[in-house]
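K.L.:
coords_4.cif is the file, holding mmCIF, C-alpha atoms (C1' of nucleotides):
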data_data
#
loop_
_atom_site.label_atom_id
_atom_site.label_comp_id
_atom_site.auth_asym_id
_atom_site.auth_seq_id
_atom_site.Cartn_x
_atom_site.Cartn_y
_atom_site.Cartn_z
CA MET A 1364 0.00 0.00 0.00
CA ASN A 1365 2.96 2.27 0.47
CA VAL A 1366 4.85 4.23 -2.11
CA ILE A 1367 8.23 3.01 -0.89
CA ASN A 1368 7.94 -0.26 -2.80
CA ALA A 1369 8.07 1.33 -6.22
CA SER A 1370 10.51 -0.81 -8.19
CA PRO A 1371 10.40 -0.23 -11.96
CA ARG A 1372 9.03 -3.73 -12.43
CA ARG A 1373 6.23 -3.09 -9.98
CA LYS A 1374 5.40 0.20 -11.65
CA GLU A 1375 5.05 -1.49 -15.00
CA LEU A 1376 2.85 -4.21 -13.53
CA THR A 1377 0.70 -1.54 -11.92
CA ARG A 1378 0.25 0.17 -15.26
CA LEU A 1379 -0.89 -3.06 -16.90
CA ALA A 1380 -3.24 -3.80 -14.01
CA ALA A 1381 -4.87 -0.40 -14.42
CA GLN A 1382 -5.62 -1.17 -18.03
CA LEU A 1383 -7.25 -4.48 -17.21
CA PHE A 1384 -9.22 -3.02 -14.31
CA VAL A 1385 -10.71 -0.46 -16.69
CA GLN A 1386 -11.50 -3.04 -19.37
CA GLU A 1387 -13.06 -5.63 -17.10
CA GLY A 1388 -13.65 -4.03 -13.75
CA PHE A 1389 -11.73 -4.95 -10.63
CA ASP A 1390 -13.89 -7.86 -9.53
CA ARG A 1391 -14.01 -9.51 -12.94
CA THR A 1392 -10.26 -9.22 -13.39
CA THR A 1393 -8.72 -12.44 -12.09
CA VAL A 1394 -5.17 -12.83 -10.87
CA ARG A 1395 -4.68 -15.25 -13.76
CA MET A 1396 -5.68 -12.58 -16.28
CA LEU A 1397 -3.34 -10.09 -14.65
CA ALA A 1398 -0.48 -12.58 -14.68
CA GLN A 1399 -1.00 -13.46 -18.32
CA GLU A 1400 -1.01 -9.81 -19.34
CA MET A 1401 2.23 -9.40 -17.42
CA GLY A 1402 3.83 -12.43 -19.02
CA ILE A 1403 4.22 -14.41 -15.79
CA LYS A 1404 2.27 -17.14 -13.98
CA SER A 1405 -0.40 -16.30 -11.44
CA GLY A 1406 1.66 -17.52 -8.50
CA SER A 1407 4.52 -15.17 -9.32
CA LEU A 1408 2.20 -12.21 -8.97
CA PHE A 1409 2.25 -12.53 -5.21
CA HIS A 1410 5.93 -11.90 -5.10
CA HIS A 1411 5.25 -8.30 -6.15
CA PHE A 1412 1.98 -7.69 -4.34
CA LYS A 1413 0.69 -9.01 -1.04
CA ASP A 1414 -2.74 -9.69 -2.47
CA LYS A 1415 -5.13 -8.54 -5.17
CA GLN A 1416 -6.30 -5.61 -3.06
CA GLU A 1417 -2.80 -4.21 -2.93
CA ILE A 1418 -2.67 -4.04 -6.72
CA LEU A 1419 -5.79 -1.92 -6.72
CA ALA A 1420 -4.36 0.36 -4.05
CA ALA A 1421 -1.13 0.72 -6.04
CA VAL A 1422 -3.03 1.74 -9.16
CA ILE A 1423 -5.02 4.38 -7.35
CA GLU A 1424 -2.08 5.71 -5.35
CA GLU A 1425 -0.01 6.09 -8.49
CA GLY A 1426 -2.74 8.04 -10.28
CA THR A 1427 -3.54 10.33 -7.38
CA LEU A 1428 0.10 11.16 -6.64
CA ASN A 1429 0.57 12.03 -10.28
CA ALA A 1430 -2.43 14.33 -10.27
CA LEU A 1431 -1.18 16.09 -7.16
CA THR A 1432 2.28 16.65 -8.61
CA ILE A 1433 1.03 18.01 -11.90
CA ALA A 1434 -1.53 20.33 -10.31
CA ARG A 1435 0.99 21.74 -7.83
CA LYS A 1436 3.53 22.34 -10.54
CA ALA A 1437 1.00 24.02 -12.82
CA LEU A 1438 -0.20 26.31 -10.03
CA ASN A 1439 3.36 27.25 -9.09
CA GLU A 1440 4.21 28.20 -12.63
CA CYS A 1441 1.13 30.24 -13.50
CA ALA A 1442 0.20 33.85 -12.81
CA ALA A 1443 -1.56 34.97 -9.65
CA GLU A 1444 -4.80 36.22 -11.19
CA PRO A 1445 -7.75 34.15 -9.93
CA GLU A 1446 -9.08 33.67 -13.46
CA VAL A 1447 -5.77 32.32 -14.72
CA ARG A 1448 -5.45 30.00 -11.74
CA LEU A 1449 -8.96 28.65 -12.28
CA ARG A 1450 -8.25 27.92 -15.92
CA THR A 1451 -4.87 26.42 -15.07
CA MET A 1452 -6.39 24.08 -12.52
CA ALA A 1453 -9.11 22.95 -14.92
CA ARG A 1454 -6.52 22.30 -17.62
CA ALA A 1455 -4.25 20.38 -15.26
CA HIS A 1456 -7.19 18.30 -14.09
CA LEU A 1457 -8.23 17.24 -17.57
CA GLU A 1458 -4.65 16.76 -18.65
CA THR A 1459 -3.93 14.14 -15.94
CA LEU A 1460 -7.37 12.65 -16.41
CA PHE A 1461 -6.59 11.77 -20.01
CA THR A 1462 -2.85 11.13 -20.04
CA ASP A 1463 -3.22 8.82 -17.05
CA ARG A 1464 -6.74 7.81 -17.92
CA ASN A 1465 -6.70 4.17 -16.80
CA ALA A 1466 -5.50 4.91 -13.31
CA HIS A 1467 -8.05 7.69 -12.86
CA VAL A 1468 -10.99 5.70 -14.15
CA VAL A 1469 -10.07 3.03 -11.64
CA ALA A 1470 -9.72 5.63 -8.88
CA LEU A 1471 -13.13 7.09 -9.69
CA PHE A 1472 -15.12 3.92 -10.23
CA GLU A 1473 -13.47 1.17 -8.22
CA TRP A 1474 -12.90 3.17 -5.06
CA ARG A 1475 -15.42 1.11 -3.12
CA ARG A 1476 -13.47 -2.10 -3.60
CA LEU A 1477 -10.63 -0.85 -1.40
CA ASP A 1478 -10.38 -2.26 2.09
CA ALA A 1479 -10.61 0.07 5.08
CA ALA A 1480 -6.87 0.58 5.56
CA ALA A 1481 -6.08 1.42 1.94
CA SER A 1482 -9.17 3.59 1.70
CA ALA A 1483 -8.07 5.69 4.68
CA HIS A 1484 -4.58 6.17 3.30
CA LEU A 1485 -5.78 7.15 -0.15
CA SER A 1486 -8.51 9.42 1.15
CA HIS A 1487 -5.81 11.65 2.54
CA LEU A 1488 -4.17 11.95 -0.85
CA ARG A 1489 -7.46 12.76 -2.51
CA ASP A 1490 -8.29 15.34 0.16
CA ALA A 1491 -4.96 17.04 -0.44
CA TYR A 1492 -5.82 17.28 -4.11
CA GLU A 1493 -9.29 18.64 -3.45
CA ALA A 1494 -7.82 21.22 -1.11
CA LEU A 1495 -5.94 22.69 -4.06
CA TRP A 1496 -9.25 23.09 -5.85
CA VAL A 1497 -11.02 24.68 -2.92
CA ALA A 1498 -8.24 27.24 -2.56
CA VAL A 1499 -8.43 28.20 -6.22
CA ILE A 1500 -12.20 28.43 -6.08
CA ASP A 1501 -12.03 30.57 -2.93
CA ASP A 1502 -9.92 33.09 -4.82
CA ALA A 1503 -12.30 33.07 -7.75
CA LEU A 1504 -15.27 33.65 -5.45
CA GLU A 1505 -13.54 36.55 -3.73
CA ALA A 1506 -12.76 38.11 -7.11
CA ASN A 1507 -16.44 37.74 -8.04
CA LEU A 1508 -15.59 35.60 -11.04
CA ILE A 1509 -18.11 33.01 -9.94
CA HIS A 1510 -20.65 32.80 -7.16
CA GLY A 1511 -22.08 30.26 -4.72
CA ASP A 1512 -21.04 28.23 -1.72
CA ARG A 1513 -17.34 27.27 -1.81
CA PHE A 1514 -17.90 23.57 -1.15
CA LEU A 1515 -20.90 23.27 -3.41
CA VAL A 1516 -19.07 24.96 -6.25
CA SER A 1517 -16.00 22.76 -5.74
CA ARG A 1518 -18.06 19.62 -5.89
CA PHE A 1519 -20.12 20.65 -8.86
CA VAL A 1520 -16.93 21.56 -10.70
CA LEU A 1521 -15.16 18.32 -9.85
CA GLY A 1522 -18.26 16.36 -10.80
CA ALA A 1523 -18.57 17.98 -14.19
CA LEU A 1524 -14.87 17.51 -14.94
CA ASN A 1525 -14.60 13.93 -13.66
CA TRP A 1526 -17.68 12.93 -15.62
CA THR A 1527 -15.88 13.77 -18.85
CA VAL A 1528 -14.19 10.35 -18.74
CA ARG A 1529 -17.60 8.94 -19.60
CA TRP A 1530 -18.14 10.80 -22.85
CA TYR A 1531 -15.06 12.72 -23.98
CA ASP A 1532 -13.19 11.29 -26.96
CA PRO A 1533 -9.50 12.34 -26.89
CA ASN A 1534 -9.24 11.53 -30.60
CA GLY A 1535 -11.97 14.03 -31.45
CA PRO A 1536 -11.41 17.58 -32.68
CA ARG A 1537 -11.37 19.16 -29.23
CA SER A 1538 -8.25 19.04 -27.04
CA PRO A 1539 -8.48 18.64 -23.26
CA ASP A 1540 -7.32 22.24 -22.96
CA ASP A 1541 -10.20 23.42 -25.16
CA LEU A 1542 -12.55 21.44 -23.00
CA ALA A 1543 -11.19 23.04 -19.83
CA ASP A 1544 -11.50 26.52 -21.31
CA GLU A 1545 -15.08 25.94 -22.44
CA PHE A 1546 -15.95 24.70 -18.99
CA VAL A 1547 -14.47 27.70 -17.23
CA ALA A 1548 -16.28 29.98 -19.68
CA MET A 1549 -19.55 28.25 -18.83
CA ILE A 1550 -19.37 28.90 -15.11
CA MET A 1551 -18.06 32.48 -15.43
CA PRO A 1552 -20.77 35.16 -15.72
CA SER A 1553 -18.94 37.39 -18.21
CA PRO A 1554 -17.45 35.51 -21.16
CA ALA A 1555 -14.22 36.84 -22.58
CA MET B 1340 -35.08 -7.46 -20.10
CA ASN B 1341 -38.46 -6.19 -21.11
CA VAL B 1342 -40.88 -4.15 -19.11
CA ILE B 1343 -43.79 -6.49 -19.86
CA ASN B 1344 -42.78 -8.91 -17.12
CA ALA B 1345 -43.50 -6.52 -14.30
CA SER B 1346 -45.39 -8.57 -11.73
CA PRO B 1347 -45.62 -6.94 -8.31
CA ARG B 1348 -43.40 -9.68 -6.90
CA ARG B 1349 -40.74 -9.08 -9.51
CA LYS B 1350 -40.86 -5.36 -8.88
CA GLU B 1351 -40.28 -5.89 -5.20
CA LEU B 1352 -37.40 -8.25 -5.89
CA THR B 1353 -35.91 -5.68 -8.24
CA ARG B 1354 -36.07 -3.05 -5.54
CA LEU B 1355 -34.23 -5.28 -3.08
CA ALA B 1356 -31.64 -6.18 -5.69
CA ALA B 1357 -30.94 -2.50 -6.32
CA GLN B 1358 -30.17 -2.01 -2.65
CA LEU B 1359 -27.74 -4.91 -2.56
CA PHE B 1360 -26.06 -3.86 -5.79
CA VAL B 1361 -25.38 -0.46 -4.26
CA GLN B 1362 -24.10 -1.89 -0.98
CA GLU B 1363 -21.83 -4.52 -2.47
CA GLY B 1364 -21.51 -3.83 -6.17
CA PHE B 1365 -22.99 -6.04 -8.85
CA ASP B 1366 -20.12 -8.50 -9.11
CA ARG B 1367 -19.75 -9.04 -5.39
CA THR B 1368 -23.45 -9.58 -4.93
CA THR B 1369 -24.06 -13.33 -5.20
CA VAL B 1370 -27.34 -14.92 -6.18
CA ARG B 1371 -27.38 -16.44 -2.70
CA MET B 1372 -27.20 -13.01 -1.09
CA LEU B 1373 -29.99 -11.77 -3.32
CA ALA B 1374 -32.14 -14.79 -2.50
CA GLN B 1375 -31.62 -14.44 1.23
CA GLU B 1376 -32.54 -10.76 1.16
CA MET B 1377 -35.68 -11.73 -0.73
CA GLY B 1378 -36.57 -14.50 1.70
CA ILE B 1379 -36.28 -17.32 -0.84
CA LYS B 1380 -33.66 -19.88 -1.85
CA SER B 1381 -31.15 -19.15 -4.56
CA GLY B 1382 -32.69 -21.62 -7.00
CA SER B 1383 -36.08 -19.91 -6.80
CA LEU B 1384 -34.53 -16.71 -8.05
CA PHE B 1385 -34.33 -18.13 -11.54
CA HIS B 1386 -38.06 -18.50 -11.71
CA HIS B 1387 -38.36 -14.71 -11.77
CA PHE B 1388 -35.26 -13.82 -13.75
CA LYS B 1389 -33.54 -15.64 -16.58
CA ASP B 1390 -30.10 -14.97 -15.10
CA LYS B 1391 -28.20 -12.55 -12.90
CA GLN B 1392 -27.71 -10.12 -15.78
CA GLU B 1393 -31.45 -9.76 -16.20
CA ILE B 1394 -31.78 -8.59 -12.61
CA LEU B 1395 -29.30 -5.82 -13.29
CA ALA B 1396 -31.14 -4.81 -16.45
CA ALA B 1397 -34.44 -4.75 -14.56
CA VAL B 1398 -33.01 -2.46 -11.89
CA ILE B 1399 -31.65 0.01 -14.42
CA GLU B 1400 -34.73 -0.06 -16.63
CA GLU B 1401 -36.97 0.63 -13.66
CA GLY B 1402 -34.92 3.61 -12.56
CA THR B 1403 -34.56 5.14 -15.99
CA LEU B 1404 -38.25 4.80 -16.84
CA ASN B 1405 -39.09 6.50 -13.56
CA ALA B 1406 -36.75 9.39 -14.29
CA LEU B 1407 -38.27 9.86 -17.74
CA THR B 1408 -41.82 9.92 -16.40
CA ILE B 1409 -41.08 12.39 -13.63
CA ALA B 1410 -39.10 14.75 -15.87
CA ARG B 1411 -41.79 14.77 -18.58
CA LYS B 1412 -44.52 15.44 -16.06
CA ALA B 1413 -42.58 18.24 -14.41
CA LEU B 1414 -41.86 19.91 -17.75
CA ASN B 1415 -45.50 19.64 -18.81
CA GLU B 1416 -46.70 21.28 -15.64
CA CYS B 1417 -44.28 24.18 -15.45
CA ALA B 1418 -44.24 27.58 -17.12
CA ALA B 1419 -42.66 28.18 -20.51
CA GLU B 1420 -39.88 30.57 -19.49
CA PRO B 1421 -36.47 29.04 -20.21
CA GLU B 1422 -35.20 29.89 -16.75
CA VAL B 1423 -38.13 28.17 -15.07
CA ARG B 1424 -37.75 25.11 -17.26
CA LEU B 1425 -34.05 24.88 -16.49
CA ARG B 1426 -34.68 25.05 -12.77
CA THR B 1427 -37.55 22.57 -13.07
CA MET B 1428 -35.40 20.07 -14.91
CA ALA B 1429 -32.58 20.34 -12.40
CA ARG B 1430 -35.03 19.85 -9.55
CA ALA B 1431 -36.67 16.87 -11.21
CA HIS B 1432 -33.28 15.32 -11.85
CA LEU B 1433 -32.14 15.55 -8.25
CA GLU B 1434 -35.55 14.50 -6.97
CA THR B 1435 -35.49 11.17 -8.82
CA LEU B 1436 -31.82 10.76 -8.07
CA PHE B 1437 -32.52 10.74 -4.36
CA THR B 1438 -35.98 9.21 -4.04
CA ASP B 1439 -34.94 6.34 -6.29
CA ARG B 1440 -31.32 6.52 -5.27
CA ASN B 1441 -30.40 2.84 -5.34
CA ALA B 1442 -31.59 2.26 -8.88
CA HIS B 1443 -29.79 5.35 -10.14
CA VAL B 1444 -26.51 4.61 -8.44
CA VAL B 1445 -26.63 1.20 -10.08
CA ALA B 1446 -27.48 2.76 -13.44
CA LEU B 1447 -24.59 5.19 -13.16
CA PHE B 1448 -21.89 2.91 -11.82
CA GLU B 1449 -22.72 -0.63 -12.93
CA TRP B 1450 -23.63 0.21 -16.51
CA ARG B 1451 -20.55 -1.59 -17.84
CA ARG B 1452 -21.69 -4.93 -16.43
CA LEU B 1453 -24.65 -5.10 -18.82
CA ASP B 1454 -24.36 -7.45 -21.78
CA ALA B 1455 -24.59 -6.04 -25.30
CA ALA B 1456 -28.32 -6.65 -25.80
CA ALA B 1457 -29.44 -5.08 -22.54
CA SER B 1458 -27.03 -2.22 -23.02
CA ALA B 1459 -28.49 -1.36 -26.43
CA HIS B 1460 -32.04 -1.43 -25.14
CA LEU B 1461 -31.28 0.75 -22.13
CA SER B 1462 -29.15 3.19 -24.10
CA HIS B 1463 -32.28 4.19 -25.97
CA LEU B 1464 -34.06 5.00 -22.76
CA ARG B 1465 -31.17 7.05 -21.48
CA ASP B 1466 -30.89 8.91 -24.77
CA ALA B 1467 -34.56 9.81 -24.56
CA TYR B 1468 -33.95 11.27 -21.14
CA GLU B 1469 -30.90 13.22 -22.24
CA ALA B 1470 -32.88 14.61 -25.16
CA LEU B 1471 -35.17 16.32 -22.67
CA TRP B 1472 -32.14 18.01 -21.17
CA VAL B 1473 -30.70 19.11 -24.47
CA ALA B 1474 -34.02 20.71 -25.43
CA VAL B 1475 -34.21 22.65 -22.18
CA ILE B 1476 -30.61 23.77 -22.51
CA ASP B 1477 -31.19 24.87 -26.11
CA ASP B 1478 -33.93 27.20 -24.92
CA ALA B 1479 -31.73 28.56 -22.17
CA LEU B 1480 -28.92 29.20 -24.64
CA GLU B 1481 -31.24 31.00 -27.03
CA ALA B 1482 -32.51 33.18 -24.19
CA ASN B 1483 -28.89 34.00 -23.31
CA LEU B 1484 -29.29 32.63 -19.81
CA ILE B 1485 -26.18 30.55 -20.25
CA HIS B 1486 -23.53 30.21 -22.93
CA GLY B 1487 -21.46 27.52 -24.62
CA ASP B 1488 -21.87 24.55 -26.91
CA ARG B 1489 -25.20 22.75 -26.44
CA PHE B 1490 -23.73 19.28 -26.08
CA LEU B 1491 -20.83 20.35 -23.92
CA VAL B 1492 -23.12 22.25 -21.60
CA SER B 1493 -25.53 19.31 -21.38
CA ARG B 1494 -22.78 16.94 -20.45
CA PHE B 1495 -21.13 19.23 -17.95
CA VAL B 1496 -24.51 19.81 -16.32
CA LEU B 1497 -25.41 16.13 -16.19
CA GLY B 1498 -21.97 15.32 -14.84
CA ALA B 1499 -22.18 17.86 -12.04
CA LEU B 1500 -25.67 16.71 -11.06
CA ASN B 1501 -25.01 12.96 -11.29
CA TRP B 1502 -21.86 13.32 -9.24
CA THR B 1503 -23.94 14.56 -6.31
CA VAL B 1504 -24.73 10.94 -5.42
CA ARG B 1505 -21.11 10.68 -4.32
CA TRP B 1506 -21.15 13.43 -1.74
CA TYR B 1507 -24.64 14.79 -1.05
CA ASP B 1508 -26.24 13.82 2.25
CA PRO B 1509 -30.05 13.87 2.00
CA ASN B 1510 -30.27 14.08 5.80
CA GLY B 1511 -28.26 17.29 5.86
CA PRO B 1512 -29.71 20.80 6.08
CA ARG B 1513 -30.00 21.30 2.34
CA SER B 1514 -32.92 19.84 0.35
CA PRO B 1515 -32.45 18.47 -3.17
CA ASP B 1516 -34.44 21.46 -4.42
CA ASP B 1517 -32.03 23.86 -2.71
CA LEU B 1518 -29.18 22.00 -4.32
CA ALA B 1519 -30.78 22.30 -7.75
CA ASP B 1520 -31.38 26.01 -7.32
CA GLU B 1521 -27.81 26.63 -6.18
CA PHE B 1522 -26.53 24.77 -9.18
CA VAL B 1523 -28.65 26.71 -11.65
CA ALA B 1524 -27.54 29.94 -9.98
CA MET B 1525 -23.92 28.90 -10.42
CA ILE B 1526 -24.12 28.45 -14.17
CA MET B 1527 -26.29 31.53 -14.80
CA PRO B 1528 -24.36 34.78 -15.35
CA SER B 1529 -26.78 37.07 -13.50
CA PRO B 1530 -27.84 35.75 -10.08
CA ALA B 1531 -31.39 36.54 -8.96
"C1'" DT C 1489 -63.21 -31.80 -8.87
"C1'" DG C 1490 -59.50 -31.62 -11.40
"C1'" DA C 1491 -56.30 -29.32 -14.68
"C1'" DG C 1492 -53.13 -25.64 -15.00
"C1'" DT C 1493 -49.84 -22.56 -13.21
"C1'" DA C 1494 -46.96 -19.55 -10.32
"C1'" DA C 1495 -43.85 -19.92 -6.68
"C1'" DC C 1496 -40.89 -22.27 -4.21
"C1'" DC C 1497 -37.30 -25.86 -2.40
"C1'" DA C 1498 -33.26 -29.25 -1.65
"C1'" DA C 1499 -29.37 -30.84 -3.69
"C1'" DG C 1500 -25.60 -30.43 -6.34
"C1'" DC C 1501 -22.62 -29.83 -10.73
"C1'" DA C 1502 -18.86 -27.85 -13.32
"C1'" DA C 1503 -16.09 -24.12 -13.46
"C1'" DG C 1504 -13.48 -20.71 -11.64
"C1'" DC C 1505 -11.64 -18.13 -7.71
"C1'" DG C 1506 -7.65 -16.08 -4.59
"C1'" DC C 1507 -3.91 -17.67 -2.67
"C1'" DT C 1508 -0.09 -20.93 -0.68
"C1'" DA C 1509 3.75 -24.18 -0.49
"C1'" DG C 1510 7.72 -25.64 -2.07
"C1'" DT C 1511 11.35 -25.45 -5.61
"C1'" DG C 1512 14.67 -23.72 -9.26
"C1'" DT C 1513 17.88 -20.33 -10.98
"C1'" DA C 1514 20.60 -16.42 -12.08
"C1'" DA C 1515 22.59 -12.27 -10.45
"C1'" DA C 1516 24.26 -9.44 -6.63
"C1'" DT C 1517 26.73 -9.33 -2.18
"C1'" DG C 1518 29.78 -10.69 1.84
"C1'" DC D 293 33.74 -19.04 -2.90
"C1'" DA D 294 29.57 -19.16 -0.06
"C1'" DT D 295 25.36 -16.88 0.79
"C1'" DT D 296 21.63 -14.04 0.06
"C1'" DT D 297 18.23 -11.84 -2.74
"C1'" DA D 298 14.96 -11.27 -6.53
"C1'" DC D 299 12.03 -13.38 -9.47
"C1'" DA D 300 9.89 -17.00 -11.53
"C1'" DC D 301 7.90 -21.68 -11.76
"C1'" DT D 302 4.54 -26.01 -10.85
"C1'" DA D 303 0.92 -27.93 -8.54
"C1'" DG D 304 -3.02 -27.72 -6.24
"C1'" DC D 305 -6.05 -26.71 -1.85
"C1'" DG D 306 -10.28 -25.15 -0.15
"C1'" DC D 307 -13.94 -22.54 -1.27
"C1'" DT D 308 -17.52 -19.96 -3.90
"C1'" DT D 309 -19.71 -19.01 -8.06
"C1'" DG D 310 -23.94 -18.88 -11.37
"C1'" DC D 311 -27.05 -21.91 -12.65
"C1'" DT D 312 -29.73 -26.57 -13.35
"C1'" DT D 313 -32.50 -30.41 -12.15
"C1'" DG D 314 -36.42 -32.69 -10.53
"C1'" DG D 315 -39.88 -32.31 -7.61
"C1'" DT D 316 -43.46 -30.16 -4.11
"C1'" DT D 317 -46.93 -26.87 -2.51
"C1'" DA D 318 -50.70 -23.52 -2.88
"C1'" DC D 319 -53.89 -21.20 -5.46
"C1'" DT D 320 -57.04 -20.13 -9.45
"C1'" DC D 321 -60.67 -21.06 -12.46
"C1'" DA D 322 -63.50 -23.97 -15.70
#
Take the structure in this file and express it as structure tokens.

P.N.:
Amino acid sequence: MNVINASPRRKELTRLAAQLFVQEGFDRTTVRMLAQEMGIKSGSLFHHFKDKQEILAAVIEEGTLNALTIARKALNECAAEPEVRLRTMARAHLETLFTDRNAHVVALFEWRRLDAAASAHLSHLRDAYEALWVAVIDDALEANLIHGDRFLVSRFVLGALNWTVRWYDPNGPRSPDDLADEFVAMIMPSPA
Amino acid sequence: MNVINASPRRKELTRLAAQLFVQEGFDRTTVRMLAQEMGIKSGSLFHHFKDKQEILAAVIEEGTLNALTIARKALNECAAEPEVRLRTMARAHLETLFTDRNAHVVALFEWRRLDAAASAHLSHLRDAYEALWVAVIDDALEANLIHGDRFLVSRFVLGALNWTVRWYDPNGPRSPDDLADEFVAMIMPSPA
DNA sequence: TGAGTAACCAAGCAAGCGCTAGTGTAAATG
DNA sequence: CATTTACACTAGCGCTTGCTTGGTTACTCA
């Protein structure tokens, strides 16, 4: 469950597991399927992971840590105007969502399959990420760019953006950045 | 898979199944668990449903048909102003989402477990429902209440509203209607 | 009264599940 | 050179899964 055990081999296995979890769902993915995809036998799998649960936790941890890193970096590098920060955050969110799509789909839709311990650990990571959002939205509210309750707005925004994994086609004409900009324009009273 | 087989007994069984599917997830819910919750033996289950898949389809069909009925009725009964219709639709959406919560959570998060035939049938129902939304949003766009691409806006809106099942507490201080109003206020440039 | 039917049950099959035990082997380490 | 470590293998245990079979009960209606 911990990030310390992050050998290159394990990272690669985690990536493959994420793909299968998205294709089949966690419960329908058997350890034998995972092993075959990895080019080893099912017994060998348990040398890298304690049990099947730990593979799920690894997938989600990987994705969430990535999202946190990218968002922090993007916020550090962008201007201080609330509007810019809002757009930056939306872009960063959709960027990770689609470059690291498998891991995030698993994080969003297989969350409930985590056991209590892993769930607690990963909730902290997710909360840290959401805190970034709340801060950005606070600034936007204060600047009168948007209006409403800070938590409600945060959750509506995250909902709308996360839901894009259900319908957005990355091979279509619109880039994730376009999508982010259109979304920000939608919730801002005065369009540019 | 069809609505014709809708005996009262089957309806009740479907309701119980929805609850279990939400608690445990479709894959982790065994036919034995379903049977016990229904007060029968696992073998008897297959008198009412062809197989486990059909139970899932029944749950989702029930929920979607309900949502369609309620939304149509609400739209028929409300005034013609785009702003009123938008608010009405948002309220209707959250109302069904939380009075028929189990069925809708299953519809939203276990969709992928449907086989091809059931999926095709139910997609039509869902499309019919989404068409109601697109029409309402078209009117709102034309009246300059909101701005953006009609399909993008529809999907962002549906995403934000559907995501509420992940965080909204119906026993909290805010009613679903309040929630709907706050959401509409958020996406409309000029607050009331 | 007797045929038809909806609802149920006990028993169990074949397949598949997560996981373990014990072993082999090549490379790194003392 | 001896030992440890990392990674993989084979074989299979004990259990659960969705579903079937063959039969019983209770009720309806001609």

K.L.:
Find the residue from A:Arg1475, A:Gly1406, A:Pro1552, A:His1484 that sits nearest to DA1509 in chain C; use only C-alpha atoms (C1' of nucleotides) when measuring.

P.N.:
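Nearest to DA1509 in chain C: A:Gly1406.
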
K.L.:
Taking the file as shown, what set of residues would the PyMOL selection byres ((chain D and resi 317) around 12) give back, as a VMD selection string?

P.N.:
(chain C and resid 1493 to 1497) or (chain D and resid 315 to 316 318 to 319)

K.L.:
Name every residue that the PyMOL selection byres ((chain A) within 9 of (chain C)) selects in this structure, writing the answer as a list in words with chains first and numbers rising.

P.N.:
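Residues picked by the PyMOL selection byres ((chain A) within 9 of (chain C)): Thr1393, Val1394, Gly1406, Phe1409, Asp1414 and Lys1415 of chain A.
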
K.L.:
How would you write, as a ChimeraX atom specification, the residues chosen by the PyMOL selection byres ((chain D) within 8 of (chain B)) on this structure?

P.N.:
/D:309-311

K.L.:
When you look at Ala1413 in chain B with a cut-off of 12 Å (counting all atoms listed in the file), what residues show up, excluding the ones that are within fewer than 4 positions of it in the same chain? I need them as number ranges by chain.

P.N.:
B: 1406-1409, 1417-1419, 1423-1432, 1434-1435, 1471

K.L.:
Please produce a file of those selected residues containing C-alpha atoms, as a PDB file, in the coordinates of the input.

P.N.:
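Result file follows (out.pdb):
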ATOM      1  CA  ALA B1406     -36.750   9.390 -14.290  1.00  0.00           C
ATOM      2  CA  LEU B1407     -38.270   9.860 -17.740  1.00  0.00           C
ATOM      3  CA  THR B1408     -41.820   9.920 -16.400  1.00  0.00           C
ATOM      4  CA  ILE B1409     -41.080  12.390 -13.630  1.00  0.00           C
ATOM      5  CA  CYS B1417     -44.280  24.180 -15.450  1.00  0.00           C
ATOM      6  CA  ALA B1418     -44.240  27.580 -17.120  1.00  0.00           C
ATOM      7  CA  ALA B1419     -42.660  28.180 -20.510  1.00  0.00           C
ATOM      8  CA  VAL B1423     -38.130  28.170 -15.070  1.00  0.00           C
ATOM      9  CA  ARG B1424     -37.750  25.110 -17.260  1.00  0.00           C
ATOM     10  CA  LEU B1425     -34.050  24.880 -16.490  1.00  0.00           C
ATOM     11  CA  ARG B1426     -34.680  25.050 -12.770  1.00  0.00           C
ATOM     12  CA  THR B1427     -37.550  22.570 -13.070  1.00  0.00           C
ATOM     13  CA  MET B1428     -35.400  20.070 -14.910  1.00  0.00           C
ATOM     14  CA  ALA B1429     -32.580  20.340 -12.400  1.00  0.00           C
ATOM     15  CA  ARG B1430     -35.030  19.850  -9.550  1.00  0.00           C
ATOM     16  CA  ALA B1431     -36.670  16.870 -11.210  1.00  0.00           C
ATOM     17  CA  HIS B1432     -33.280  15.320 -11.850  1.00  0.00           C
ATOM     18  CA  GLU B1434     -35.550  14.500  -6.970  1.00  0.00           C
ATOM     19  CA  THR B1435     -35.490  11.170  -8.820  1.00  0.00           C
ATOM     20  CA  LEU B1471     -35.170  16.320 -22.670  1.00  0.00           C
TER      21      LEU B1471
END

K.L.:
Residues of chain B near chain A: apply a cut-off of 12 Å, count all atoms listed in the file, and supply the list as a ChimeraX atom specification.

P.N.:
/B:1361-1368,1444-1445,1447-1453,1480,1483-1507,1513,1517-1531

K.L.:
Could you jot down the CA of Arg1348 in chain B to CA of Asp1466 in chain B separation for me, Å, one decimal place?

P.N.:
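CA of Asp1466 in chain B lies at a distance of 28.7 Å from CA of Arg1348 in chain B.
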
K.L.:
One decimal, in Å: what's the spacing between CA of Ala1420 in chain A and CA of Ser1482 in chain A?

P.N.:
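Between these atoms lies a distance of 8.2 Å.
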
K.L.:
Might you pull out every residue within 12 Å of Ile1394 in chain B, with only C-alpha atoms (C1' of nucleotides) counted and same-chain residues fewer than 5 positions away left off, and present them as number ranges by chain?

P.N.:
B: 1340-1341, 1344, 1349-1357, 1359-1360, 1365, 1368-1370, 1373-1374, 1384-1389, 1399-1401, 1442, 1445, 1452-1454, 1457
